[in-house]
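Structure file protein32.cif; described as mmCIF, C-alpha atoms.
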data_structure
loop_
_atom_site.label_atom_id
_atom_site.label_comp_id
_atom_site.auth_asym_id
_atom_site.auth_seq_id
_atom_site.Cartn_x
_atom_site.Cartn_y
_atom_site.Cartn_z
CA MET R 29 40.68 37.41 30.93
CA THR R 30 38.55 40.37 29.92
CA SER R 31 40.36 43.66 30.40
CA ARG R 32 38.55 46.36 32.32
CA SER R 33 39.03 50.08 32.63
CA PRO R 34 39.50 51.75 36.03
CA SER R 35 35.79 52.60 36.02
CA GLY R 36 34.95 48.91 35.84
CA ARG R 37 33.71 48.90 32.29
CA ALA R 38 34.85 46.35 29.77
CA GLY R 39 37.85 47.47 27.72
CA PRO R 40 38.36 47.43 23.97
CA SER R 41 38.83 43.69 23.71
CA ALA R 42 35.45 43.06 25.31
CA GLY R 43 33.88 45.64 23.04
CA ARG R 44 35.16 43.75 20.04
CA ALA R 45 33.89 40.45 21.41
CA THR R 46 30.34 41.79 21.75
CA ALA R 47 30.33 43.96 18.65
CA PRO R 48 26.70 44.02 17.41
CA HIS R 49 27.31 43.05 13.82
CA GLY R 50 26.55 39.36 13.51
CA TRP R 51 24.52 37.39 11.00
CA VAL R 52 21.18 38.90 12.03
CA HIS R 53 22.41 42.42 11.38
CA ALA R 54 23.95 41.30 8.08
CA LEU R 55 20.64 39.74 7.03
CA VAL R 56 18.73 42.89 7.92
CA THR R 57 21.23 44.99 5.97
CA VAL R 58 20.97 42.87 2.82
CA LEU R 59 17.17 42.56 2.97
CA ALA R 60 16.79 46.31 3.53
CA GLY R 61 19.00 47.07 0.53
CA LEU R 62 17.09 44.64 -1.69
CA LEU R 63 13.75 46.03 -0.52
CA ALA R 64 14.82 49.60 -1.28
CA MET R 65 15.95 48.63 -4.76
CA ALA R 66 12.81 46.59 -5.44
CA VAL R 67 10.48 49.40 -4.36
CA VAL R 68 12.27 52.04 -6.43
CA ALA R 69 12.49 49.76 -9.47
CA ALA R 70 8.86 48.64 -9.25
CA LEU R 71 7.50 52.16 -8.83
CA GLY R 72 9.67 53.45 -11.67
CA LEU R 73 8.63 50.67 -14.01
CA TRP R 74 5.00 51.15 -13.00
CA ALA R 75 5.24 54.84 -13.85
CA ALA R 76 6.84 53.89 -17.17
CA GLY R 77 3.91 51.62 -18.02
CA ALA R 78 5.67 48.29 -17.56
CA THR R 79 2.61 46.83 -15.82
CA ASP R 80 1.08 46.52 -19.29
CA LEU R 81 3.72 44.03 -20.40
CA PRO R 82 2.11 40.71 -21.42
CA ASP R 83 2.37 37.28 -19.88
CA GLY R 84 3.15 38.40 -16.33
CA ALA R 85 6.44 39.98 -17.26
CA PHE R 86 6.38 42.75 -14.66
CA ALA R 87 7.99 40.86 -11.74
CA PRO R 88 10.84 39.41 -13.86
CA VAL R 89 11.45 42.86 -15.36
CA VAL R 90 11.74 44.29 -11.84
CA ALA R 91 14.27 41.57 -11.00
CA ALA R 92 16.19 42.27 -14.21
CA THR R 93 16.25 45.97 -13.40
CA MET R 94 17.74 45.21 -9.99
CA VAL R 95 20.37 42.96 -11.57
CA THR R 96 21.44 45.66 -14.02
CA ALA R 97 21.45 48.22 -11.19
CA VAL R 98 24.40 46.42 -9.59
CA GLY R 99 26.23 46.00 -12.88
CA GLY R 100 24.82 42.62 -13.87
CA THR R 101 24.25 41.55 -17.44
CA VAL R 102 20.81 40.95 -18.94
CA GLU R 103 20.87 39.17 -22.28
CA LEU R 104 18.04 39.74 -24.76
CA SER R 105 16.99 37.10 -27.25
CA GLY R 106 14.43 37.05 -30.03
CA SER R 107 12.57 34.57 -32.13
CA ALA R 108 10.13 35.10 -34.97
CA GLY R 109 9.59 31.69 -36.48
CA ASP R 110 11.58 29.78 -39.07
CA LEU R 111 11.52 32.54 -41.69
CA ALA R 112 12.22 35.49 -39.47
CA ASP R 113 14.85 36.71 -37.09
CA THR R 114 15.08 39.28 -34.34
CA GLN R 115 18.13 40.88 -32.81
CA ALA R 116 18.06 42.83 -29.58
CA GLY R 117 20.49 44.17 -27.01
CA LEU R 118 20.36 46.43 -23.99
CA THR R 119 23.08 47.95 -21.82
CA VAL R 120 22.03 50.51 -19.24
CA ILE R 121 22.37 50.92 -15.49
CA PRO R 122 19.28 52.41 -13.76
CA LEU R 123 21.29 54.52 -11.35
CA SER R 124 18.32 55.62 -9.23
CA VAL R 125 17.86 51.98 -8.24
CA THR R 126 21.62 51.61 -7.76
CA LEU R 127 21.76 54.67 -5.52
CA ALA R 128 18.85 53.53 -3.36
CA GLY R 129 20.43 50.15 -2.70
CA ALA R 130 23.90 51.58 -2.11
CA LEU R 131 22.71 54.14 0.46
CA VAL R 132 20.67 51.63 2.45
CA ILE R 133 23.37 48.93 2.45
CA ALA R 134 26.07 51.45 3.38
CA TRP R 135 23.94 52.73 6.27
CA GLY R 136 23.29 49.21 7.52
CA PHE R 137 26.96 48.29 7.22
CA LEU R 138 28.17 51.35 9.13
CA ARG R 139 25.54 51.39 11.86
CA PRO R 140 27.12 48.74 14.15
CA LEU R 141 30.53 50.40 13.70
CA ARG R 142 29.58 53.91 14.72
CA HIS R 143 31.16 55.68 17.71
CA ARG R 144 34.44 53.83 17.32
CA ALA R 145 37.81 55.19 16.26
CA VAL R 146 39.68 52.04 15.29
CA ALA R 147 38.67 48.53 14.23
CA GLY R 148 40.88 45.59 13.46
CA SER R 149 41.27 44.35 9.90
CA ALA R 150 39.99 40.91 10.88
CA GLU R 151 36.89 42.40 12.49
CA LEU R 152 36.03 44.55 9.46
CA ALA R 153 36.71 41.66 7.10
CA GLY R 154 34.47 39.37 9.12
CA TRP R 155 31.61 41.85 9.21
CA ALA R 156 31.93 42.57 5.48
CA GLY R 157 32.18 38.83 4.78
CA ARG R 158 28.85 38.16 6.48
CA VAL R 159 27.14 40.82 4.41
CA ALA R 160 28.84 39.58 1.23
CA ALA R 161 27.85 35.94 1.84
CA LEU R 162 24.17 36.79 2.21
CA TRP R 163 24.37 39.24 -0.70
CA LEU R 164 25.82 36.46 -2.86
CA LEU R 165 22.86 34.19 -2.10
CA ALA R 166 20.44 37.02 -2.82
CA LEU R 167 22.15 37.76 -6.14
CA ILE R 168 21.88 34.15 -7.26
CA GLY R 169 18.15 34.13 -6.56
CA LEU R 170 17.68 37.49 -8.24
CA THR R 171 19.51 36.52 -11.42
CA LEU R 172 17.56 33.27 -11.68
CA ALA R 173 14.29 35.20 -11.33
CA ALA R 174 15.25 37.75 -14.00
CA ARG R 175 14.18 35.81 -17.09
CA HIS R 176 11.03 35.87 -19.20
CA THR R 177 9.73 35.63 -22.74
CA PHE R 178 6.74 37.49 -24.18
CA ASP R 179 5.17 38.13 -27.55
CA ILE R 180 5.37 41.40 -29.48
CA SER R 181 2.25 42.60 -31.25
CA LEU R 182 2.72 43.55 -34.90
CA GLY R 183 -0.69 45.13 -35.27
CA ASP R 184 -3.55 43.88 -37.46
CA GLU R 185 -2.01 44.05 -40.94
CA LEU R 186 1.52 43.05 -40.00
CA GLY R 187 0.11 40.42 -37.66
CA GLU R 188 -1.66 38.71 -40.56
CA LEU R 189 1.56 38.82 -42.60
CA GLY R 190 3.47 37.42 -39.66
CA ASP R 191 0.99 34.58 -39.29
CA LEU R 192 1.30 33.81 -43.02
CA PHE R 193 5.07 33.45 -42.75
CA GLY R 194 5.02 31.92 -39.30
CA ALA R 195 6.81 34.98 -37.98
CA SER R 196 5.22 35.95 -34.71
CA PRO R 197 8.05 37.73 -32.91
CA GLU R 198 8.97 36.97 -29.33
CA VAL R 199 11.47 38.76 -27.17
CA GLY R 200 12.94 37.22 -24.10
CA PHE R 201 15.56 38.17 -21.56
CA THR R 202 17.73 36.21 -19.22
CA THR R 203 20.84 36.85 -17.18
CA ASP R 204 24.40 35.69 -17.35
CA VAL R 205 24.32 34.25 -13.85
CA PRO R 206 28.07 33.78 -13.15
CA LEU R 207 29.06 37.16 -14.58
CA SER R 208 26.18 39.02 -12.94
CA VAL R 209 26.89 37.47 -9.55
CA PHE R 210 30.60 38.26 -9.80
CA VAL R 211 30.01 41.87 -10.83
CA GLY R 212 27.32 42.24 -8.16
CA VAL R 213 29.74 41.13 -5.44
CA VAL R 214 32.38 43.56 -6.76
CA TRP R 215 29.71 46.29 -6.65
CA LEU R 216 28.99 45.45 -3.01
CA ALA R 217 32.70 45.58 -2.17
CA GLY R 218 32.90 49.02 -3.76
CA VAL R 219 29.91 50.23 -1.74
CA LEU R 220 31.37 48.98 1.55
CA VAL R 221 34.82 50.44 0.89
CA LEU R 222 33.34 53.79 -0.15
CA ALA R 223 31.15 53.80 2.96
CA LEU R 224 34.23 53.40 5.16
CA LEU R 225 36.03 56.15 3.24
CA VAL R 226 33.16 58.65 3.39
CA ALA R 227 31.91 58.27 6.96
CA ARG R 228 34.03 60.27 9.39
CA GLY R 229 32.78 58.23 12.36
CA ALA R 230 33.52 54.84 10.77
CA PRO R 231 36.54 53.01 12.23
CA LEU R 232 39.55 52.10 10.14
CA PRO R 233 42.34 49.60 10.79
CA GLY R 234 45.26 51.25 12.53
CA GLY R 235 47.51 50.90 9.48
CA LEU R 236 45.15 52.98 7.33
CA LEU R 237 44.60 55.87 9.72
CA ARG R 238 47.40 57.89 8.13
CA PHE R 239 45.42 58.07 4.87
CA GLN R 240 42.19 59.44 6.31
CA ALA R 241 43.34 63.08 6.32
CA SER R 242 43.79 63.08 2.53
CA VAL R 243 41.23 60.52 1.38
CA ARG R 244 38.17 60.82 3.61
CA PRO R 245 37.41 64.55 3.13
CA ALA R 246 37.77 64.26 -0.65
CA ALA R 247 35.61 61.11 -0.82
CA TYR R 248 32.93 62.72 1.33
CA ALA R 249 32.94 65.88 -0.80
CA MET R 250 32.53 63.92 -4.05
CA VAL R 251 29.65 61.82 -2.71
CA ALA R 252 27.94 64.92 -1.34
CA MET R 253 28.33 66.68 -4.68
CA LEU R 254 26.89 63.76 -6.64
CA LEU R 255 23.92 63.56 -4.29
CA ALA R 256 23.42 67.32 -4.61
CA TRP R 257 23.20 66.96 -8.40
CA VAL R 258 20.53 64.30 -7.98
CA VAL R 259 18.54 66.44 -5.54
CA VAL R 260 18.69 69.42 -7.91
CA GLY R 261 17.47 67.21 -10.75
CA GLU R 262 14.59 65.86 -8.69
CA VAL R 263 13.47 69.36 -7.71
CA ILE R 264 13.52 70.46 -11.35
CA ALA R 265 11.63 67.32 -12.40
CA LEU R 266 8.95 67.87 -9.76
CA VAL R 267 8.49 71.47 -10.88
CA VAL R 268 8.15 70.27 -14.49
CA ALA R 269 5.61 67.65 -13.44
CA ALA R 270 3.59 70.21 -11.51
CA THR R 271 3.59 72.88 -14.22
CA ARG R 272 3.70 70.99 -17.51
CA GLY R 273 2.09 67.64 -16.79
CA ARG R 274 3.64 64.37 -18.01
CA THR R 275 3.62 63.27 -14.36
CA ALA R 276 4.01 59.53 -14.95
CA GLU R 277 6.91 59.99 -17.36
CA THR R 278 8.65 62.39 -15.00
CA PHE R 279 8.35 60.02 -12.03
CA ALA R 280 9.67 57.17 -14.18
CA VAL R 281 12.78 59.24 -14.86
CA ILE R 282 13.16 60.17 -11.17
CA LEU R 283 12.82 56.59 -9.98
CA LEU R 284 14.92 54.93 -12.67
CA GLY R 285 17.42 57.30 -14.23
CA MET R 286 17.73 60.69 -12.53
CA PRO R 287 21.44 60.18 -11.65
CA ASN R 288 22.03 59.07 -15.25
CA LEU R 289 20.77 62.41 -16.54
CA MET R 290 22.19 64.70 -13.87
CA TRP R 291 25.67 63.17 -13.77
CA LEU R 292 25.73 63.28 -17.55
CA GLY R 293 24.88 66.97 -17.26
CA MET R 294 27.67 67.43 -14.73
CA THR R 295 30.31 66.10 -17.12
CA ILE R 296 28.90 68.18 -19.99
CA GLY R 297 29.11 71.27 -17.79
CA LEU R 298 32.81 70.53 -17.30
CA GLY R 299 33.24 70.60 -21.08
CA ALA R 300 33.10 66.87 -21.80
CA THR R 301 31.68 65.44 -25.01
CA TRP R 302 29.53 62.34 -25.38
CA ASN R 303 28.86 60.64 -28.71
CA GLY R 304 25.52 59.10 -29.48
CA ARG R 305 22.66 58.48 -31.85
CA VAL R 306 18.93 57.80 -31.61
CA GLU R 307 16.87 56.17 -34.34
CA GLY R 308 13.55 54.40 -34.44
CA PRO R 309 11.14 54.27 -31.49
CA PHE R 310 13.82 54.67 -28.85
CA GLY R 311 14.29 58.02 -27.20
CA LEU R 312 15.49 59.86 -24.15
CA PRO R 313 12.40 60.91 -22.17
CA MET R 314 13.79 64.00 -20.44
CA PRO R 315 14.92 66.57 -21.33
CA HIS R 316 13.70 66.59 -24.92
CA VAL R 317 16.75 68.52 -26.13
CA LEU R 318 18.91 65.38 -25.76
CA ASP R 319 16.67 63.50 -28.15
CA GLU R 320 16.75 66.38 -30.64
CA VAL R 321 20.54 66.52 -30.72
CA LEU R 322 21.03 62.75 -30.96
CA ARG R 323 18.33 62.01 -33.55
CA THR R 324 20.55 62.58 -36.60
CA PRO R 325 21.62 60.45 -39.59
CA ASP R 326 25.16 60.22 -38.27
CA VAL R 327 26.78 59.93 -34.86
CA ALA R 328 26.15 63.16 -32.98
CA GLU R 329 28.23 65.05 -30.42
CA LEU R 330 26.59 65.93 -27.13
CA ASN R 331 28.29 68.89 -25.44
CA LEU R 332 27.62 72.46 -24.39
CA ARG R 333 28.05 73.78 -27.93
CA THR R 334 25.64 71.38 -29.64
CA LEU R 335 23.07 71.53 -26.86
CA SER R 336 23.12 75.33 -26.72
CA GLN R 337 22.15 75.45 -30.40
CA HIS R 338 18.82 73.93 -29.39
CA ASP R 339 18.37 75.40 -25.91
CA GLY R 340 20.53 78.18 -24.46
CA ARG R 341 19.58 77.20 -20.91
CA VAL R 342 22.13 74.38 -20.98
CA TRP R 343 24.79 76.94 -20.04
CA TRP R 344 23.32 76.73 -16.55
CA LEU R 345 25.14 73.39 -16.35
CA LEU R 346 28.41 75.32 -16.36
CA VAL R 347 27.14 77.61 -13.59
CA ALA R 348 25.93 74.63 -11.56
CA ASP R 349 29.32 72.95 -11.90
CA VAL R 350 31.13 76.05 -10.64
CA VAL R 351 28.82 76.43 -7.63
CA LEU R 352 28.69 72.76 -6.63
CA LEU R 353 32.41 72.15 -7.16
CA LEU R 354 33.31 75.16 -5.04
CA ALA R 355 30.89 73.95 -2.38
CA ALA R 356 32.43 70.47 -2.50
CA ALA R 357 35.94 71.93 -2.26
CA PHE R 358 34.86 74.07 0.70
CA VAL R 359 33.41 71.02 2.48
CA MET R 360 36.55 69.01 1.75
CA ALA R 361 38.81 71.71 3.18
CA ALA R 362 36.58 72.26 6.22
CA ARG R 363 36.75 68.54 7.07
CA SER R 364 40.52 68.35 6.59
CA PRO R 365 43.22 69.02 9.18
CA ALA R 366 44.37 72.63 9.25
CA ARG R 367 47.94 71.58 8.41
CA VAL R 368 46.91 70.65 4.85
CA ARG R 369 47.98 73.44 2.51
CA ALA R 370 45.80 75.03 -0.15
CA TRP R 371 47.78 73.57 -3.04
CA GLN R 372 47.43 70.12 -1.48
CA HIS R 373 43.67 70.59 -1.37
CA GLY R 374 43.84 71.39 -5.07
CA VAL R 375 45.69 68.14 -5.77
CA HIS R 376 43.30 66.11 -3.63
CA MET R 377 40.30 67.67 -5.35
CA ALA R 378 41.77 67.09 -8.81
CA VAL R 379 42.39 63.40 -8.17
CA ALA R 380 38.99 62.90 -6.54
CA LEU R 381 37.13 64.70 -9.34
CA ALA R 382 39.01 62.80 -12.04
CA LEU R 383 38.09 59.48 -10.41
CA THR R 384 34.48 60.63 -10.07
CA VAL R 385 34.23 61.58 -13.73
CA PHE R 386 35.86 58.28 -14.68
CA MET R 387 33.20 56.43 -12.68
CA ILE R 388 30.39 58.43 -14.33
CA CYS R 389 31.78 57.62 -17.77
CA LEU R 390 31.80 53.92 -16.92
CA VAL R 391 28.28 53.69 -15.50
CA GLY R 392 26.59 56.29 -17.70
CA ARG R 393 26.89 54.46 -21.03
CA ILE R 394 23.67 53.50 -22.79
CA SER R 395 23.18 51.06 -25.64
CA ALA R 396 19.92 49.59 -26.95
CA HIS R 397 18.88 48.06 -30.25
CA PHE R 398 16.08 45.94 -31.63
CA GLY R 399 15.57 44.70 -35.17
CA LEU R 400 13.15 42.41 -37.02
CA SER R 401 13.71 40.87 -40.43
CA VAL R 402 11.71 38.37 -42.52
CA LEU R 403 13.28 36.42 -45.40
CA GLY R 404 16.40 38.52 -44.95
CA ILE R 405 14.51 41.79 -45.42
CA GLY R 406 15.45 44.03 -42.53
CA ASP R 407 13.19 46.42 -40.62
CA LEU R 408 9.98 44.85 -41.90
CA GLY R 409 7.95 46.55 -39.27
CA GLY R 410 9.38 50.02 -39.80
CA GLY R 411 8.86 51.46 -36.35
CA LEU R 412 9.64 48.12 -34.69
CA SER R 413 13.38 48.51 -35.26
CA GLY R 414 15.61 51.06 -33.66
CA ARG R 415 18.89 51.88 -32.01
CA LEU R 416 20.13 54.12 -29.25
CA PHE R 417 23.61 54.55 -27.87
CA LEU R 418 25.44 57.11 -25.78
CA ARG R 419 29.10 56.84 -24.85
CA PRO R 420 31.65 59.33 -23.50
CA ARG R 421 35.00 60.50 -24.74
CA MET R 422 36.32 59.18 -21.48
CA TRP R 423 39.92 60.27 -21.30
CA ALA R 424 39.15 63.76 -22.55
CA ALA R 425 36.52 64.07 -19.80
CA VAL R 426 38.93 62.82 -17.14
CA GLY R 427 41.59 65.23 -18.41
CA LEU R 428 39.16 68.15 -18.12
CA ALA R 429 38.37 67.17 -14.54
CA LEU R 430 41.98 67.65 -13.42
CA PRO R 431 42.27 71.44 -13.94
CA TRP R 432 38.72 71.93 -12.66
CA GLY R 433 39.70 70.11 -9.49
CA LEU R 434 42.96 71.98 -9.04
CA VAL R 435 41.35 75.40 -9.34
CA THR R 436 38.22 74.73 -7.28
CA GLY R 437 40.17 72.78 -4.65
CA PHE R 438 42.59 75.68 -4.15
CA ALA R 439 39.75 78.23 -4.07
CA GLY R 440 37.70 76.12 -1.65
CA ALA R 441 40.68 75.87 0.69
CA LEU R 442 41.02 79.65 0.76
CA LEU R 443 37.30 80.04 1.48
CA ALA R 444 37.46 77.52 4.34
CA ARG R 445 40.45 79.00 6.17
CA ARG R 446 38.38 80.54 8.94
CA VAL R 447 36.13 77.55 9.61
CA ARG R 448 38.64 74.72 9.88
CA ARG R 449 38.94 73.40 13.43
CA ARG R 450 40.84 70.11 13.15
CA GLY R 451 44.35 70.88 14.35
CA GLU R 452 46.35 74.06 14.39
CA ALA R 453 47.66 75.64 11.23
CA GLY R 454 51.39 75.46 10.97
CA PRO R 455 53.67 77.91 9.17
CA GLY R 456 52.76 78.34 5.55
CA SER R 457 49.61 76.27 5.91
CA GLU R 458 47.64 78.82 3.94
CA GLY R 459 49.91 78.76 0.94
#
Target format structure tokens, applied to this file:
Amino acid sequence: MTSRSPSGRAGPSAGRATAPHGWVHALVTVLAGLLAMAVVAALGLWAAGATDLPDGAFAPVVAATMVTAVGGTVELSGSAGDLADTQAGLTVIPLSVTLAGALVIAWGFLRPLRHRAVAGSAELAGWAGRVAALWLLALIGLTLAARHTFDISLGDELGELGDLFGASPEVGFTTDVPLSVFVGVVWLAGVLVLALLVARGAPLPGGLLRFQASVRPAAYAMVAMLLAWVVVGEVIALVVAATRGRTAETFAVILLGMPNLMWLGMTIGLGATWNGRVEGPFGLPMPHVLDEVLRTPDVAELNLRTLSQHDGRVWWLLVADVVLLLAAAFVMAARSPARVRAWQHGVHMAVALALTVFMICLVGRISAHFGLSVLGIGDLGGGLSGRLFLRPRMWAAVGLALPWGLVTGFAGALLARRVRRRGEAGPGSEG
């Protein structure tokens, strides 16, 4: 029998039976996420000039961009006839596309669960399973569509030489379907779990409610801080586009890699160092100072010291980190129960910031290379070969995040003492 409250309304068991998160809602959630990613990727690639790619490559490139946005693998291959060889590789996650898909899918996943305090584990697993099943089918189709081969022009003189040797270079890309699908499903799981952790109104299984006081405020604060960095970057980029031109290039950065740049800047502001090098036609479109520092004969260090030698304004990254971390710590403390002590806020902030920096170091790596050789002679085309890579000193960066989190978490708790409303402060709660 269906239980009813004294007012005659259906009780909790009936609410679970009619919970509005069936297959239709799952389909809408997945399609909305894919559409958001496709629009952002297509507009970004259009602004970057990818519509000029030969042989109808634009649509497959959009699909490949979406695959890499969820952590999938795109494999590059080259051919230049019997006497020539090409080597190419690319590893980069377009985090603007990633962020668009994650926000839309998280919103769609949480919408049917709003206004509820508790949900059973089976119910949450069933709802997530529906979304995951449809996402799996979408990923398979996307990875199969992300493959293409097109010719590379060598110019007039080199083209004649290439024809003579039968060395007309082609570059193609395809996807590792099993690996890309697996990683894409793991990405979705991470998005859904993070959505449940961040949203205060999202229900949790009863057994996990005891963790929400320590985990949810910190998770929300970190997500809000990361989004704030992206918003600041977009405002700066729009001002640059309006005052200095280069509009198409700026919008390409906004729509494809703004989080890549701004979260990199966040870690550098904390004192982290990234190693990298740029050679050949590759480059980092914005800001130009990154390209200047990395375009050296040897592996370069990218940190506040090296960047400030080219542009003293990079010290504003340190100021931005102080302001945004204090704001995040304040938000975390304001959303926490009043019984949580200031030193505990510091510990929570330190752990959350260390995990955030660890995530940035994982997704912010860049690697790209392309080379052409004929008869064993490398770099025949000069400007046709190049290499770019950027990788963090991960554990040093994570180690720096810990004291930053401790200090700002403690300070944010002190600033939020008068605005906290969840529960009454017990003895010593301010210490």
Note to self: Applying 10 Å and only C-alpha atoms, which residues near Asp326 in chain R remain after dropping the ones on its own chain fewer than 6 positions away? List them as a PyMOL selection string.
What the structure shows: chain R and resi 304-306
Next item on the list: Evaluate the PyMOL selection byres ((chain R and resi 342) around 10) on the structure here and hand back the selected residues as a list of chain:residue names.
Entry: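 Given this file, the PyMOL selection byres ((chain R and resi 342) around 10) evaluates to R:Gly293, R:Ile296, R:Gly297, R:Val317, R:Asn331, R:Leu332, R:Arg333, R:Thr334, R:Leu335, R:Ser336, R:Gln337, R:His338, R:Asp339, R:Gly340, R:Arg341, R:Trp343, R:Trp344, R:Leu345, R:Leu346, R:Val347.
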For Val268 in chain R: contacts at 12 Å, all atoms listed in the file, fewer than 3 positions along chain excluded, given as a short mmCIF file (atom, residue, chain, number, x, y, z; two decimals) with C-alpha atoms, in the frame of the given file:
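Final file, result22.cif:
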data_model
loop_
_atom_site.label_atom_id
_atom_site.label_comp_id
_atom_site.auth_asym_id
_atom_site.auth_seq_id
_atom_site.Cartn_x
_atom_site.Cartn_y
_atom_site.Cartn_z
CA GLY R 261 17.47 67.21 -10.75
CA GLU R 262 14.59 65.86 -8.69
CA VAL R 263 13.47 69.36 -7.71
CA ILE R 264 13.52 70.46 -11.35
CA ALA R 265 11.63 67.32 -12.40
CA THR R 271 3.59 72.88 -14.22
CA ARG R 272 3.70 70.99 -17.51
CA GLY R 273 2.09 67.64 -16.79
CA ARG R 274 3.64 64.37 -18.01
CA THR R 275 3.62 63.27 -14.36
CA ALA R 276 4.01 59.53 -14.95
CA GLU R 277 6.91 59.99 -17.36
CA THR R 278 8.65 62.39 -15.00
CA PHE R 279 8.35 60.02 -12.03
CA VAL R 281 12.78 59.24 -14.86
CA ILE R 282 13.16 60.17 -11.17
CA MET R 314 13.79 64.00 -20.44
CA PRO R 315 14.92 66.57 -21.33
#
Next item on the list: Can you pull out every residue within 8 Å of range 372-382 of chain R, counting only C-alpha atoms, but drop anything in the same chain fewer than 5 positions away, and send it as a list in words?
Entry: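 Here the answer would be Ser242, Val243, Ala246, Ala247, Met250, Ala357, Met360, Ala361, Val426, Gly427, Ala429, Leu430, Pro431, Trp432, Gly433, Leu434, Val435, Thr436, Gly437, Phe438 and Ala441 of chain R.
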Write out, as a PDB file, in the coordinates of the input, the residues just selected, with C-alpha atoms.
ATOM      1  CA  SER R 242      43.790  63.080   2.530  1.00  0.00           C
ATOM      2  CA  VAL R 243      41.230  60.520   1.380  1.00  0.00           C
ATOM      3  CA  ALA R 246      37.770  64.260  -0.650  1.00  0.00           C
ATOM      4  CA  ALA R 247      35.610  61.110  -0.820  1.00  0.00           C
ATOM      5  CA  MET R 250      32.530  63.920  -4.050  1.00  0.00           C
ATOM      6  CA  ALA R 357      35.940  71.930  -2.260  1.00  0.00           C
ATOM      7  CA  MET R 360      36.550  69.010   1.750  1.00  0.00           C
ATOM      8  CA  ALA R 361      38.810  71.710   3.180  1.00  0.00           C
ATOM      9  CA  VAL R 426      38.930  62.820 -17.140  1.00  0.00           C
ATOM     10  CA  GLY R 427      41.590  65.230 -18.410  1.00  0.00           C
ATOM     11  CA  ALA R 429      38.370  67.170 -14.540  1.00  0.00           C
ATOM     12  CA  LEU R 430      41.980  67.650 -13.420  1.00  0.00           C
ATOM     13  CA  PRO R 431      42.270  71.440 -13.940  1.00  0.00           C
ATOM     14  CA  TRP R 432      38.720  71.930 -12.660  1.00  0.00           C
ATOM     15  CA  GLY R 433      39.700  70.110  -9.490  1.00  0.00           C
ATOM     16  CA  LEU R 434      42.960  71.980  -9.040  1.00  0.00           C
ATOM     17  CA  VAL R 435      41.350  75.400  -9.340  1.00  0.00           C
ATOM     18  CA  THR R 436      38.220  74.730  -7.280  1.00  0.00           C
ATOM     19  CA  GLY R 437      40.170  72.780  -4.650  1.00  0.00           C
ATOM     20  CA  PHE R 438      42.590  75.680  -4.150  1.00  0.00           C
ATOM     21  CA  ALA R 441      40.680  75.870   0.690  1.00  0.00           C
TER      22      ALA R 441
END
Next item on the list: Would you mind telling me which residue in R:Val211, R:Ile168, R:Ala425, R:Val267 lies nearest to Thr295 in chain R when using only C-alpha atoms?
Entry: R:Ala425
Next item on the list: Give the answer as one residue: which of R:Ala362, R:Pro88, R:Arg421, R:Val258 has the shortest atom-to-atom distance to Glu329 in chain R, using all atoms listed in the file?
Entry: R:Arg421
Can you report as AutoDock Vina command-line options the centre and edge lengths in Å, to one decimal, of an axis-aligned box around the listed atoms of range 357-363 of chain R padded with 6 Å on each side?
--center_x 36.1 --center_y 71.3 --center_z 2.4 --size_x 17.4 --size_y 17.5 --size_z 21.3
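Of note, CA of Leu416 in chain R and CA of Arg323 in chain R are spaced 9.2 Å apart.
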Item checked: Near-Val391 in chain R list (9 Å; all atoms listed in the file; drop same-chain fewer than 5 positions) as a list in words -> Gly99, Val120, Ile121, Leu123, Asn288 and Phe386 of chain R
Next item on the list: For the structure shown, which residues end up in the PyMOL selection byres ((chain R and resi 153-160) around 10)? Put them as an MDAnalysis selection string, please?
Entry: chainID R and resid 47:58 133 136:137 140:141 148:152 161:166 212:214 216:217 220:221
Check: Quick one: of R:Val90, R:Ala355, R:Ala300, R:Val219, who's nearest to Leu127 in chain R, counting all atoms listed in the file?
Finding: R:Val219
Next item on the list: Let me know the residues the PyMOL selection byres ((chain R and resi 72) around 8) catches in the file above, as a VMD selection string.
Entry: chain R and resid 68 to 71 73 to 76 279 to 284
Checklist line | Atom-to-atom span, CA of Ala60 in chain R and CA of Ile388 in chain R, Å | finding: 25.5 Å
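The shortest atom-to-atom distance to Thr93 in chain R, with all atoms listed in the file taken into account, belongs to R:Arg175 out of R:Arg175, R:Arg367, R:Arg244, R:His316.
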Margin query: At a cut-off of 9 Å, using only C-alpha atoms, what residues contact Leu442 in chain R? Leave out same-chain residues fewer than 2 positions from it and give the result as a PyMOL selection string.
Written below: chain R and resi 358+361+370+437-440+444-446+458-459
Notebook entry, point to check: Taking all atoms listed in the file into account, which of R:Val125, R:Leu170, R:Val350, R:Leu131 comes nearest Asp204 in chain R?
Noted result: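 Among R:Val125, R:Leu170, R:Val350, R:Leu131, it is R:Leu170 that comes nearest to Asp204 in chain R.
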Item checked: Two-atom distance - CA of Thr171 in chain R, CA of Ala92 in chain R (Å) -> 7.2 Å
